[in-house]
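Shown here: model_10.tsv, TSV, C-alpha atoms.
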chain	number	residue	atom	x	y	z
L	102	MET	CA	0.00	0.00	0.00
L	103	PRO	CA	2.71	2.59	0.79
L	104	GLN	CA	4.36	1.74	-2.51
L	105	LEU	CA	1.11	2.44	-4.40
L	106	ILE	CA	0.77	5.82	-2.68
L	107	ASN	CA	4.32	6.72	-3.60
L	108	ILE	CA	3.68	5.78	-7.24
L	109	CYS	CA	0.57	7.98	-7.37
L	110	ILE	CA	2.42	10.92	-5.87
L	111	PHE	CA	5.19	10.52	-8.45
L	112	VAL	CA	2.73	10.42	-11.36
L	113	PHE	CA	0.90	13.56	-10.18
L	114	ALA	CA	4.20	15.33	-9.66
L	115	VAL	CA	5.27	14.54	-13.25
L	116	ILE	CA	1.91	15.64	-14.72
L	117	PHE	CA	1.73	18.95	-12.89
L	118	ALA	CA	5.44	19.75	-12.78
L	119	SER	CA	5.22	22.00	-15.82
L	120	VAL	CA	2.23	23.85	-14.41
L	121	PHE	CA	3.79	24.56	-11.06
L	122	SER	CA	7.12	25.53	-12.61
L	123	GLU	CA	5.56	27.96	-15.16
L	124	ASP	CA	6.74	31.55	-14.75
L	125	TRP	CA	5.13	34.93	-15.55
L	126	GLY	CA	5.06	35.87	-19.21
L	127	ALA	CA	2.97	37.70	-21.83
L	128	ALA	CA	2.67	37.81	-25.63
L	129	VAL	CA	1.55	41.19	-26.97
L	130	VAL	CA	1.79	42.68	-30.46
L	131	PRO	CA	4.51	45.37	-30.24
L	132	SER	CA	2.79	47.86	-32.57
L	133	MET	CA	-0.52	48.22	-34.37
L	134	LYS	CA	-2.27	50.66	-36.67
L	135	ALA	CA	-5.34	52.35	-35.25
L	136	LEU	CA	-7.88	54.40	-37.22
L	137	VAL	CA	-8.82	57.63	-35.48
L	138	THR	CA	-12.50	57.65	-34.34
L	139	SER	CA	-12.68	53.86	-34.82
L	140	CYS	CA	-11.52	51.11	-32.45
L	141	VAL	CA	-8.50	48.84	-32.09
L	142	VAL	CA	-8.36	45.37	-30.58
L	143	VAL	CA	-4.96	44.46	-29.09
L	144	PRO	CA	-4.43	40.65	-28.97
L	145	CYS	CA	-2.79	39.53	-25.74
L	146	THR	CA	-2.10	36.24	-23.94
L	147	PHE	CA	-0.23	35.65	-20.68
L	148	LYS	CA	0.87	32.93	-18.30
L	149	TYR	CA	1.42	32.77	-14.54
L	150	PRO	CA	2.86	30.27	-12.10
L	151	GLY	CA	0.67	27.79	-10.30
L	152	THR	CA	-2.60	26.17	-11.22
L	153	GLU	CA	-5.20	27.73	-13.48
L	154	LEU	CA	-7.65	30.00	-11.71
L	155	PRO	CA	-11.18	31.14	-12.60
L	156	ASP	CA	-11.85	34.67	-13.84
L	157	SER	CA	-13.14	35.70	-10.42
L	158	ARG	CA	-9.80	34.84	-8.78
L	159	MET	CA	-7.76	37.08	-11.10
L	160	ARG	CA	-7.53	40.76	-11.92
L	161	GLY	CA	-6.36	42.22	-15.22
L	162	ILE	CA	-5.09	45.78	-15.59
L	163	TRP	CA	-3.84	47.81	-18.57
L	164	HIS	CA	-1.72	50.87	-17.85
L	165	GLU	CA	0.72	53.26	-19.45
L	166	LYS	CA	4.29	52.00	-19.57
L	167	ALA	CA	5.72	55.22	-18.13
L	168	ASP	CA	3.48	55.03	-15.03
L	169	TRP	CA	1.60	51.88	-14.04
L	170	LYS	CA	-0.72	53.98	-11.88
L	171	LYS	CA	-2.14	55.63	-15.03
L	172	ILE	CA	-4.65	52.88	-15.63
L	173	ILE	CA	-6.54	52.77	-18.94
L	174	TYR	CA	-8.49	49.62	-18.06
L	175	GLN	CA	-9.52	47.84	-14.84
L	176	GLU	CA	-12.67	46.17	-13.64
L	177	ASP	CA	-13.01	48.97	-11.11
L	178	LYS	CA	-13.97	51.84	-13.45
L	179	THR	CA	-13.29	54.52	-10.86
L	180	VAL	CA	-9.51	54.09	-11.10
L	181	ILE	CA	-9.37	54.56	-14.88
L	182	VAL	CA	-7.92	57.88	-16.04
L	183	ASP	CA	-10.57	60.28	-17.34
L	184	SER	CA	-9.34	60.27	-20.96
L	185	PHE	CA	-10.00	56.50	-21.22
L	186	LYS	CA	-13.18	56.10	-19.21
L	187	ARG	CA	-15.95	54.24	-21.10
L	188	ARG	CA	-13.54	53.63	-23.98
L	189	THR	CA	-11.75	50.43	-22.94
L	190	LYS	CA	-12.97	46.86	-22.55
L	191	LEU	CA	-11.32	43.52	-21.79
L	192	LEU	CA	-12.43	41.06	-24.49
L	193	GLY	CA	-10.39	38.06	-23.30
L	194	ARG	CA	-11.11	35.81	-20.34
L	195	LEU	CA	-8.39	35.88	-17.72
L	196	GLY	CA	-9.16	32.31	-16.69
L	197	ASN	CA	-8.18	31.29	-20.23
L	198	LYS	CA	-5.04	33.42	-19.96
L	199	ASN	CA	-6.39	35.85	-22.56
L	200	CYS	CA	-5.84	39.56	-21.90
L	201	THR	CA	-7.07	40.97	-25.24
L	202	LEU	CA	-8.01	44.66	-24.95
L	203	GLU	CA	-10.36	46.87	-27.00
L	204	ILE	CA	-9.90	50.65	-27.15
L	205	ASP	CA	-12.84	52.46	-28.71
L	206	GLU	CA	-13.21	55.97	-30.16
L	207	ILE	CA	-9.49	56.22	-30.87
L	208	LYS	CA	-8.00	59.67	-30.30
L	209	ASP	CA	-4.99	60.93	-32.20
L	210	HIS	CA	-2.97	60.96	-28.94
L	211	ASP	CA	-3.69	57.34	-27.88
L	212	ASN	CA	-0.22	56.27	-28.91
L	213	GLY	CA	0.87	54.44	-25.76
L	214	PRO	CA	2.84	52.31	-25.16
L	215	PHE	CA	0.38	50.35	-23.01
L	216	CYS	CA	1.24	47.31	-20.85
L	217	PHE	CA	-0.71	44.51	-19.18
L	218	ARG	CA	-0.56	43.73	-15.45
L	219	ALA	CA	-1.94	40.57	-13.82
L	220	GLU	CA	-2.80	40.25	-10.13
L	221	ILE	CA	-4.04	37.38	-7.99
L	222	PRO	CA	-5.91	39.02	-5.08
L	223	GLY	CA	-4.85	37.90	-1.62
L	224	GLN	CA	-1.37	36.96	-2.82
L	225	ASP	CA	0.94	39.97	-2.75
L	226	GLN	CA	3.73	38.01	-4.38
L	227	ASN	CA	1.51	37.15	-7.35
L	228	LYS	CA	1.43	40.52	-9.11
L	229	PHE	CA	3.28	41.19	-12.32
L	230	SER	CA	3.44	44.01	-14.90
L	231	PHE	CA	4.64	42.88	-18.30
L	232	VAL	CA	6.52	46.09	-19.07
L	233	GLU	CA	8.81	44.25	-21.47
L	234	ASN	CA	5.82	43.33	-23.66
L	235	CYS	CA	3.86	46.50	-24.40
L	236	VAL	CA	1.99	47.76	-27.43
L	237	SER	CA	2.33	51.09	-29.26
L	238	LEU	CA	-0.40	52.45	-31.53
L	239	ILE	CA	0.28	54.06	-34.91
L	240	MET	CA	-2.42	56.63	-35.65
L	241	MET	CA	-4.20	56.55	-39.03
L	242	PRO	CA	-6.11	59.79	-39.70
L	243	ASN	CA	-7.85	58.20	-42.73
L	244	PRO	CA	-8.68	54.60	-43.63
L	245	ASP	CA	-7.11	52.61	-46.42
L	246	ASP	CA	-9.02	52.37	-49.68
L	247	PRO	CA	-10.56	48.97	-50.36
L	248	THR	CA	-9.13	46.79	-53.12
L	249	LEU	CA	-11.45	45.74	-55.95
L	250	ASP	CA	-10.52	42.64	-57.92
L	251	GLN	CA	-12.13	41.80	-61.25
L	252	LYS	CA	-11.37	40.59	-64.75
L	253	GLU	CA	-10.10	43.21	-67.17
L	254	VAL	CA	-12.70	42.35	-69.82
L	255	LEU	CA	-16.09	40.81	-69.02
L	256	GLU	CA	-18.34	38.84	-71.36
L	257	ASP	CA	-21.85	39.93	-72.11
L	258	GLY	CA	-24.37	37.72	-70.30
L	259	VAL	CA	-21.74	35.68	-68.41
L	260	PRO	CA	-22.02	35.85	-64.57
L	261	THR	CA	-18.88	37.32	-63.00
L	262	THR	CA	-17.75	37.51	-59.37
L	263	PHE	CA	-16.25	40.75	-58.06
L	264	LYS	CA	-14.18	40.82	-54.87
L	265	CYS	CA	-13.77	43.86	-52.63
L	266	PHE	CA	-11.66	43.74	-49.46
L	267	VAL	CA	-9.95	46.02	-46.95
L	268	GLN	CA	-7.78	45.52	-43.86
L	269	HIS	CA	-8.62	46.82	-40.38
L	270	THR	CA	-7.76	46.37	-36.68
L	271	CYS	CA	-11.25	46.57	-35.20
L	272	PRO	CA	-12.75	43.06	-35.38
L	273	SER	CA	-15.32	43.83	-32.66
L	274	HIS	CA	-16.85	46.46	-34.99
L	275	PRO	CA	-15.71	45.48	-38.51
L	276	PRO	CA	-16.30	47.83	-41.43
L	277	THR	CA	-19.16	47.21	-43.85
L	278	LEU	CA	-18.67	46.91	-47.61
L	279	THR	CA	-21.36	48.12	-50.01
L	280	TRP	CA	-21.58	48.10	-53.80
L	281	SER	CA	-22.93	50.66	-56.24
L	282	ARG	CA	-24.98	47.89	-57.84
L	283	ALA	CA	-27.71	45.82	-56.21
L	284	ASN	CA	-25.85	43.72	-53.63
L	285	LYS	CA	-28.57	41.60	-52.08
L	286	ASP	CA	-26.65	38.49	-53.13
L	287	ALA	CA	-23.27	39.75	-51.88
L	288	THR	CA	-21.51	37.63	-49.26
L	289	THR	CA	-19.21	39.03	-46.56
L	290	LYS	CA	-16.44	37.32	-44.60
L	291	ASN	CA	-14.15	38.69	-41.88
L	292	ARG	CA	-10.92	36.81	-41.19
L	293	HIS	CA	-7.80	37.28	-39.08
L	294	LEU	CA	-4.52	37.64	-40.95
L	295	SER	CA	-1.85	38.05	-38.27
L	296	ASN	CA	-0.76	40.24	-35.34
L	297	GLY	CA	-4.18	41.77	-34.85
L	298	VAL	CA	-4.69	42.68	-38.52
L	299	TRP	CA	-8.02	41.58	-40.01
L	300	GLU	CA	-9.42	41.57	-43.51
L	301	ILE	CA	-13.06	41.87	-44.47
L	302	GLU	CA	-14.12	40.92	-47.98
L	303	SER	CA	-17.33	41.03	-49.97
L	304	LEU	CA	-18.10	38.92	-53.04
L	305	LEU	CA	-20.64	40.20	-55.56
L	306	THR	CA	-21.90	38.10	-58.47
L	307	LEU	CA	-23.08	40.22	-61.38
L	308	THR	CA	-24.25	39.35	-64.90
L	309	PRO	CA	-23.02	42.21	-67.09
L	310	THR	CA	-24.78	43.38	-70.26
L	311	GLU	CA	-23.84	45.64	-73.17
L	312	GLN	CA	-25.35	48.57	-71.25
L	313	ASP	CA	-22.71	48.08	-68.53
L	314	ASP	CA	-19.83	48.70	-70.95
L	315	HIS	CA	-17.53	51.56	-69.79
L	316	THR	CA	-19.57	52.12	-66.60
L	317	LEU	CA	-18.13	52.40	-63.08
L	318	LEU	CA	-18.48	49.84	-60.30
L	319	ASN	CA	-17.94	51.28	-56.81
L	320	CYS	CA	-17.10	49.54	-53.53
L	321	THR	CA	-17.43	51.62	-50.36
L	322	ALA	CA	-15.96	50.69	-46.96
L	323	SER	CA	-17.74	52.24	-43.95
L	324	PHE	CA	-15.69	52.04	-40.76
L	325	HIS	CA	-16.77	52.09	-37.12
L	326	GLY	CA	-16.61	55.72	-36.06
L	327	GLY	CA	-18.06	57.16	-39.29
L	328	LYS	CA	-15.14	57.28	-41.72
L	329	LYS	CA	-15.44	55.91	-45.26
L	330	SER	CA	-13.25	55.06	-48.22
L	331	LEU	CA	-14.15	54.16	-51.78
L	332	THR	CA	-12.66	52.41	-54.79
L	333	SER	CA	-13.99	52.57	-58.38
L	334	ASN	CA	-13.23	50.30	-61.32
L	335	ARG	CA	-14.42	50.74	-64.90
L	336	ILE	CA	-16.19	47.79	-66.53
L	337	TYR	CA	-15.41	46.73	-70.10
L	338	ILE	CA	-17.80	44.32	-71.80
L	339	LYS	CA	-16.89	41.95	-74.64
L	340	ARG	CA	-19.97	41.48	-76.81
L	341	LYS	CA	-21.22	38.07	-77.76
L	342	ALA	CA	-20.32	36.93	-81.27
L	343	ASN	CA	-23.50	36.57	-83.40
L	344	ILE	CA	-24.45	36.63	-87.09
L	345	PHE	CA	-24.95	40.39	-87.10
L	346	HIS	CA	-21.47	40.96	-85.72
L	347	ILE	CA	-20.17	38.97	-88.70
L	348	ILE	CA	-22.48	40.27	-91.45
L	349	ILE	CA	-22.13	43.97	-90.62
L	350	PRO	CA	-18.30	44.08	-90.90
L	351	VAL	CA	-18.37	41.95	-94.07
L	352	VAL	CA	-21.00	44.16	-95.70
L	353	ALA	CA	-19.03	47.23	-94.69
L	354	VAL	CA	-15.83	45.83	-96.24
L	355	ILE	CA	-17.60	44.77	-99.45
L	356	GLY	CA	-19.38	48.12	-99.77
L	357	THR	CA	-16.11	49.97	-99.28
L	358	ALA	CA	-14.40	47.78	-101.90
L	359	ILE	CA	-17.22	48.36	-104.41
L	360	LEU	CA	-17.19	52.09	-103.85
L	361	PHE	CA	-13.41	52.26	-104.15
L	362	GLY	CA	-13.46	50.09	-107.29
L	363	GLY	CA	-16.17	52.26	-108.90
L	364	VAL	CA	-14.20	55.41	-108.24
L	365	CYS	CA	-11.06	53.83	-109.68
L	366	PHE	CA	-12.97	52.67	-112.81
L	367	VAL	CA	-14.41	56.14	-113.48
L	368	MET	CA	-11.08	57.85	-112.90
L	369	THR	CA	-9.26	55.33	-115.14
L	370	LYS	CA	-11.74	55.77	-117.99
L	371	LYS	CA	-11.59	59.55	-117.73
L	372	TYR	CA	-7.80	59.72	-117.76
L	373	LYS	CA	-7.51	57.13	-120.54
L	374	ARG	CA	-9.66	59.32	-122.83
L	375	GLN	CA	-7.54	62.36	-121.99
L	376	ILE	CA	-4.37	60.40	-122.74
L	377	GLN	CA	-5.73	59.32	-126.16
L	378	GLU	CA	-6.64	62.91	-127.01
L	379	LEU	CA	-3.16	64.04	-126.05
L	380	GLN	CA	-1.58	61.27	-128.11
L	381	THR	CA	-3.78	62.23	-131.16
L	382	ARG	CA	-2.85	65.88	-130.85
L	383	GLY	CA	0.79	64.98	-130.57
L	384	SER	CA	0.71	62.78	-133.73
L	385	VAL	CA	-0.95	65.50	-135.85
L	386	GLY	CA	1.47	68.11	-134.64
L	387	MET	CA	4.42	65.90	-135.40
L	388	ARG	CA	3.25	65.26	-138.97
L	389	SER	CA	2.72	68.99	-139.47
L	390	ARG	CA	6.20	69.79	-138.26
L	391	LEU	CA	7.70	67.08	-140.46
L	392	SER	CA	5.79	68.44	-143.51
L	393	ARG	CA	7.10	71.92	-142.92
L	394	MET	CA	10.61	70.62	-142.55
L	395	SER	CA	10.26	68.61	-145.82
L	396	HIS	CA	9.00	71.68	-147.66
L	397	ARG	CA	11.92	73.67	-146.38
L	398	PHE	CA	14.34	70.99	-147.53
L	399	ARG	CA	12.73	70.96	-151.01
L	400	SER	CA	13.10	74.74	-151.25
L	401	VAL	CA	16.73	74.42	-150.33
L	402	ASP	CA	17.26	71.76	-153.06
L	403	TRP	CA	15.73	73.98	-155.76
L	404	ARG	CA	17.89	76.93	-154.88
L	405	THR	CA	20.96	74.73	-154.76
L	406	THR	CA	20.21	73.38	-158.26
L	407	ALA	CA	19.82	76.92	-159.65
L	408	VAL	CA	23.14	78.03	-158.19
L	409	LEU	CA	24.90	75.00	-159.61
L	410	GLY	CA	23.36	75.69	-163.09
L	411	GLN	CA	24.57	79.25	-163.02
L	412	LEU	CA	28.06	78.11	-162.11
L	413	SER	CA	28.04	75.63	-165.02
L	414	LEU	CA	26.97	78.32	-167.56
L	415	TYR	CA	29.59	80.66	-166.14
L	416	ASN	CA	32.30	78.08	-166.71
L	417	GLU	CA	31.16	77.38	-170.28
L	418	CYS	CA	31.09	81.11	-171.09
L	419	LYS	CA	34.57	81.50	-169.72
L	420	MET	CA	35.82	78.63	-171.87
L	421	MET	CA	34.30	80.25	-175.00
L	422	ASN	CA	36.10	83.50	-174.30
L	423	ASP	CA	39.36	81.65	-173.95
L	424	ASP	CA	38.80	79.94	-177.34
L	425	LEU	CA	38.09	83.22	-179.15
L	426	LEU	CA	41.30	84.75	-177.86
L	427	GLN	CA	43.24	81.91	-179.38
L	428	MET	CA	41.71	82.46	-182.94
L	429	SER	CA	43.76	84.40	-185.68
L	430	PHE	CA	41.40	86.94	-187.05
L	431	ASP	CA	42.08	90.43	-188.28
L	432	VAL	CA	39.37	91.78	-186.30
L	433	ILE	CA	39.36	90.73	-182.64
L	434	PRO	CA	35.91	89.63	-181.82
L	435	ALA	CA	34.34	91.13	-178.86
L	436	LYS	CA	34.27	89.10	-175.61
L	437	VAL	CA	31.13	87.36	-174.59
L	438	ALA	CA	29.88	88.93	-171.52
L	439	CYS	CA	29.70	86.27	-168.84
L	440	LEU	CA	27.60	88.05	-166.41
L	441	PHE	CA	24.88	86.42	-164.56

The structure in this file should be written as structure tokens.
Amino acid sequence: MPQLINICIFVFAVIFASVFSEDWGAAVVPSMKALVTSCVVVPCTFKYPGTELPDSRMRGIWHEKADWKKIIYQEDKTVIVDSFKRRTKLLGRLGNKNCTLEIDEIKDHDNGPFCFRAEIPGQDQNKFSFVENCVSLIMMPNPDDPTLDQKEVLEDGVPTTFKCFVQHTCPSHPPTLTWSRANKDATTKNRHLSNGVWEIESLLTLTPTEQDDHTLLNCTASFHGGKKSLTSNRIYIKRKANIFHIIIPVVAVIGTAILFGGVCFVMTKKYKRQIQELQTRGSVGMRSRLSRMSHRFRSVDWRTTAVLGQLSLYNECKMMNDDLLQMSFDVIPAKVACLF
């Protein structure tokens, strides 16, 4: 029997050794974006030595790092500094070692850093401020614009899904996404990304028509606190191929070809006639010029013949005069005048 008791004690010691040896510690996001006028939810978990305790046996406190007495959250609302009263809430359950904090109506000076402190009432030694794991807030005066995903070119009559999404840090009051078109069939989903950053998305299924071509599709994000942002995308529709889309271009091409061919035929006929007239005029003119030149040449030949005849008569006359001079007559005959 004593051996059985010793074995049981050993087993319980092994099972709960890790629990009893666990030290104080906390896991807090070091920095987060916070939209002014909206809210921010700071994820936080912690651990403490000893066995797990119910929520009623523990106390959670959030305070400024510079002065732990400047409390921004505690169950006792009277100890909270005036600038944070009615603006902070503990979303996590301390019994589950969750110290997640919500800060609402963010002011532009709520920068922090803020730290978590855990206390176990009635045990003075069980109090710990996790000043090495604090969170700082980065103020955002305006929200980010949502992102709108869609195909570049849509088909007429084919259902298409559009996706609009935007990131935020206020999951307790997530933004709402609305469309410029009827969105009764739109679906919305809010999911955690990491380190306290969330993403809300809306899916809209729309069947575009030719009338939607070159129109705008808007997605508006409305944030807790009243601020809004908007994104617009232009829709381009690809028409369905039908017989009219084939016939009309073909008829247009054929009509253009016929018109162009008719113009070319008329112009060719007109210029061909003008070319023939020019060729006819040129032939007549050439024959006229050749006739004149021939006449001139004939005139030149006649004059040349006359000159040569005169020269021949002159030579004969000169020979006669020479013969008369050689004759022996008493009376010298007179010379023949060779004048022409």

Which distance in Å separates atom CA of Leu307 of chain L and atom CA of His269 of chain L, to one decimal?
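Answer for the atom CA of Leu307 of chain L to atom CA of His269 of chain L separation: 26.3 Å.
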
Which one is closest to Pro260 of chain L: L:Thr306, L:Met240, L:Ile355, L:Cys235? Count all atoms listed in the file.
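Closest to Pro260 of chain L, using all atoms listed in the file: L:Thr306.
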
Distance query segment 203-205 of chain L at most 8 Å, only C-alpha atoms, self and fewer than 2 positions along chain excluded, as a ChimeraX atom specification
/L:138-143,188-192,201,207

What is the distance, in Å and to one decimal place, between atom CA of Arg335 of chain L and atom CA of Leu317 of chain L?
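Those two atoms sit 4.5 Å apart.
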
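One distance worth recording is that between atom CA of Ile173 of chain L and atom CA of Thr146 of chain L, which is 17.8 Å.
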
All residues 10 Å or closer to Leu249 of chain L, only C-alpha atoms, same chain fewer than 6 positions away omitted, as a ChimeraX atom specification:
/L:263-267,302-304,318-320,331-334

Can you find the residues with an atom no farther than 10 Å from (-19.2, 34.2, -66.1), counting all atoms listed in the file, and report them as a PDB file with C-alpha atoms, in the coordinates of the input?
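Writing done, so here's selection16.pdb:
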ATOM      1  CA  LEU L 255     -16.090  40.810 -69.020  1.00  0.00           C
ATOM      2  CA  GLU L 256     -18.340  38.840 -71.360  1.00  0.00           C
ATOM      3  CA  ASP L 257     -21.850  39.930 -72.110  1.00  0.00           C
ATOM      4  CA  GLY L 258     -24.370  37.720 -70.300  1.00  0.00           C
ATOM      5  CA  VAL L 259     -21.740  35.680 -68.410  1.00  0.00           C
ATOM      6  CA  PRO L 260     -22.020  35.850 -64.570  1.00  0.00           C
ATOM      7  CA  THR L 261     -18.880  37.320 -63.000  1.00  0.00           C
ATOM      8  CA  THR L 262     -17.750  37.510 -59.370  1.00  0.00           C
ATOM      9  CA  THR L 306     -21.900  38.100 -58.470  1.00  0.00           C
ATOM     10  CA  LEU L 307     -23.080  40.220 -61.380  1.00  0.00           C
ATOM     11  CA  THR L 308     -24.250  39.350 -64.900  1.00  0.00           C
ATOM     12  CA  PRO L 309     -23.020  42.210 -67.090  1.00  0.00           C
TER      13      PRO L 309
END

Can you list, as an NGL selection string, every protein, DNA or RNA residue that comes within 6 Å of Phe215 of chain L when you count only C-alpha atoms, leaving out same-chain residues fewer than 2 positions away?
:L and (164-166 or 213 or 235-236)

Nearest-residue call for Phe231 of chain L, choices L:Lys252, L:His325, L:Lys148, L:Arg187, using only C-alpha atoms
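The closest residue to Phe231 of chain L is L:Lys148.
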
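Nearest residue to Pro131 of chain L among L:Gly363, L:Gly193, L:Pro214, L:Gly327 is L:Pro214, counting all atoms listed in the file.
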
Would you pick out the contacts of Lys329 of chain L at 10 Å or less, using all atoms listed in the file, so that residues sharing its chain but fewer than 3 positions from it are not included, and give the list as a ChimeraX atom specification?
/L:243-247,276-278,321-326

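Closest approach to Phe185 of chain L from the set L:Leu238, L:Lys290, L:Trp163, L:Ile301 is made by L:Trp163, with distances taken over only C-alpha atoms.
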
Among the residues L:Glu153, L:Asp177, L:Glu378, L:Glu233, the one that comes closest to Cys216 of chain L [using all atoms listed in the file]:
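Checking each candidate against Cys216 of chain L, we get L:Glu233 as the closest.
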
As AutoDock Vina command-line options, please report the centre and edge lengths, rounded to one decimal in Å, of the axis-aligned box that holds all listed atoms of segment 193-197 of chain L with 6 Å of padding on each of the six sides.
--center_x -9.6 --center_y 34.7 --center_z -20.0 --size_x 14.9 --size_y 18.8 --size_z 18.6

Using all atoms listed in the file, which of L:Val182, L:Lys134, L:Gly356, L:Met159 sits nearest Gln268 of chain L?
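Between L:Val182, L:Lys134, L:Gly356, L:Met159, the residue approaching Gln268 of chain L most closely is L:Lys134.
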
As an NGL selection string, please: the residues near Val130 of chain L (cut-off 8 Å, only C-alpha atoms, same-chain neighbours under 2 positions excluded).
:L and (128 or 132-133 or 143-145 or 234-236 or 296-297)

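Here the residues that fall within 9 Å of (-8.0, 41.6, -5.9), using only C-alpha atoms, are given as L:Arg158, L:Met159, L:Arg160, L:Glu220, L:Ile221, L:Pro222, L:Gly223, L:Gln224.
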
Save segment 187-203 of chain L from what I just supplied, as a short mmCIF file (atom, residue, chain, number, x, y, z; two decimals), in the first residue's frame, atoms limited to N, CA, C and O atoms.
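selection00.cif, freshly written:
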data_model
loop_
_atom_site.label_atom_id
_atom_site.label_comp_id
_atom_site.auth_asym_id
_atom_site.auth_seq_id
_atom_site.Cartn_x
_atom_site.Cartn_y
_atom_site.Cartn_z
N ARG L 187 -14.90 54.68 -20.17
CA ARG L 187 -15.95 54.24 -21.10
C ARG L 187 -15.43 54.01 -22.52
O ARG L 187 -16.19 53.93 -23.46
N ARG L 188 -14.11 53.89 -22.65
CA ARG L 188 -13.54 53.63 -23.98
C ARG L 188 -12.75 52.33 -24.05
O ARG L 188 -12.32 51.94 -25.12
N THR L 189 -12.54 51.66 -22.94
CA THR L 189 -11.75 50.43 -22.94
C THR L 189 -12.58 49.27 -22.42
O THR L 189 -13.49 49.43 -21.60
N LYS L 190 -12.23 48.07 -22.93
CA LYS L 190 -12.97 46.86 -22.55
C LYS L 190 -12.03 45.67 -22.69
O LYS L 190 -11.26 45.58 -23.65
N LEU L 191 -12.10 44.74 -21.72
CA LEU L 191 -11.32 43.52 -21.79
C LEU L 191 -12.15 42.45 -22.50
O LEU L 191 -13.20 42.03 -22.02
N LEU L 192 -11.69 42.04 -23.69
CA LEU L 192 -12.43 41.06 -24.49
C LEU L 192 -12.05 39.63 -24.13
O LEU L 192 -12.85 38.71 -24.33
N GLY L 193 -10.84 39.42 -23.64
CA GLY L 193 -10.39 38.06 -23.30
C GLY L 193 -10.82 37.65 -21.91
O GLY L 193 -11.17 38.48 -21.06
N ARG L 194 -10.79 36.36 -21.66
CA ARG L 194 -11.11 35.81 -20.34
C ARG L 194 -9.80 35.50 -19.62
O ARG L 194 -8.96 34.73 -20.12
N LEU L 195 -9.63 36.08 -18.46
CA LEU L 195 -8.39 35.88 -17.72
C LEU L 195 -8.19 34.44 -17.32
O LEU L 195 -7.05 33.95 -17.24
N GLY L 196 -9.30 33.72 -17.04
CA GLY L 196 -9.16 32.31 -16.69
C GLY L 196 -8.58 31.49 -17.82
O GLY L 196 -7.94 30.45 -17.59
N ASN L 197 -8.77 31.96 -19.07
CA ASN L 197 -8.18 31.29 -20.23
C ASN L 197 -6.85 31.92 -20.64
O ASN L 197 -6.35 31.68 -21.74
N LYS L 198 -6.33 32.75 -19.74
CA LYS L 198 -5.04 33.42 -19.96
C LYS L 198 -5.07 34.30 -21.21
O LYS L 198 -4.10 34.39 -21.96
N ASN L 199 -6.21 34.95 -21.41
CA ASN L 199 -6.39 35.85 -22.56
C ASN L 199 -6.63 37.24 -22.02
O ASN L 199 -7.58 37.49 -21.28
N CYS L 200 -5.77 38.19 -22.40
CA CYS L 200 -5.84 39.56 -21.90
C CYS L 200 -6.11 40.56 -23.03
O CYS L 200 -5.69 41.73 -22.97
N THR L 201 -6.80 40.13 -24.07
CA THR L 201 -7.07 40.97 -25.24
C THR L 201 -7.87 42.20 -24.83
O THR L 201 -8.87 42.10 -24.11
N LEU L 202 -7.42 43.38 -25.34
CA LEU L 202 -8.01 44.66 -24.95
C LEU L 202 -8.60 45.37 -26.16
O LEU L 202 -8.02 45.36 -27.25
N GLU L 203 -9.75 46.01 -25.97
CA GLU L 203 -10.36 46.87 -27.00
C GLU L 203 -10.32 48.32 -26.52
O GLU L 203 -10.71 48.62 -25.39
#
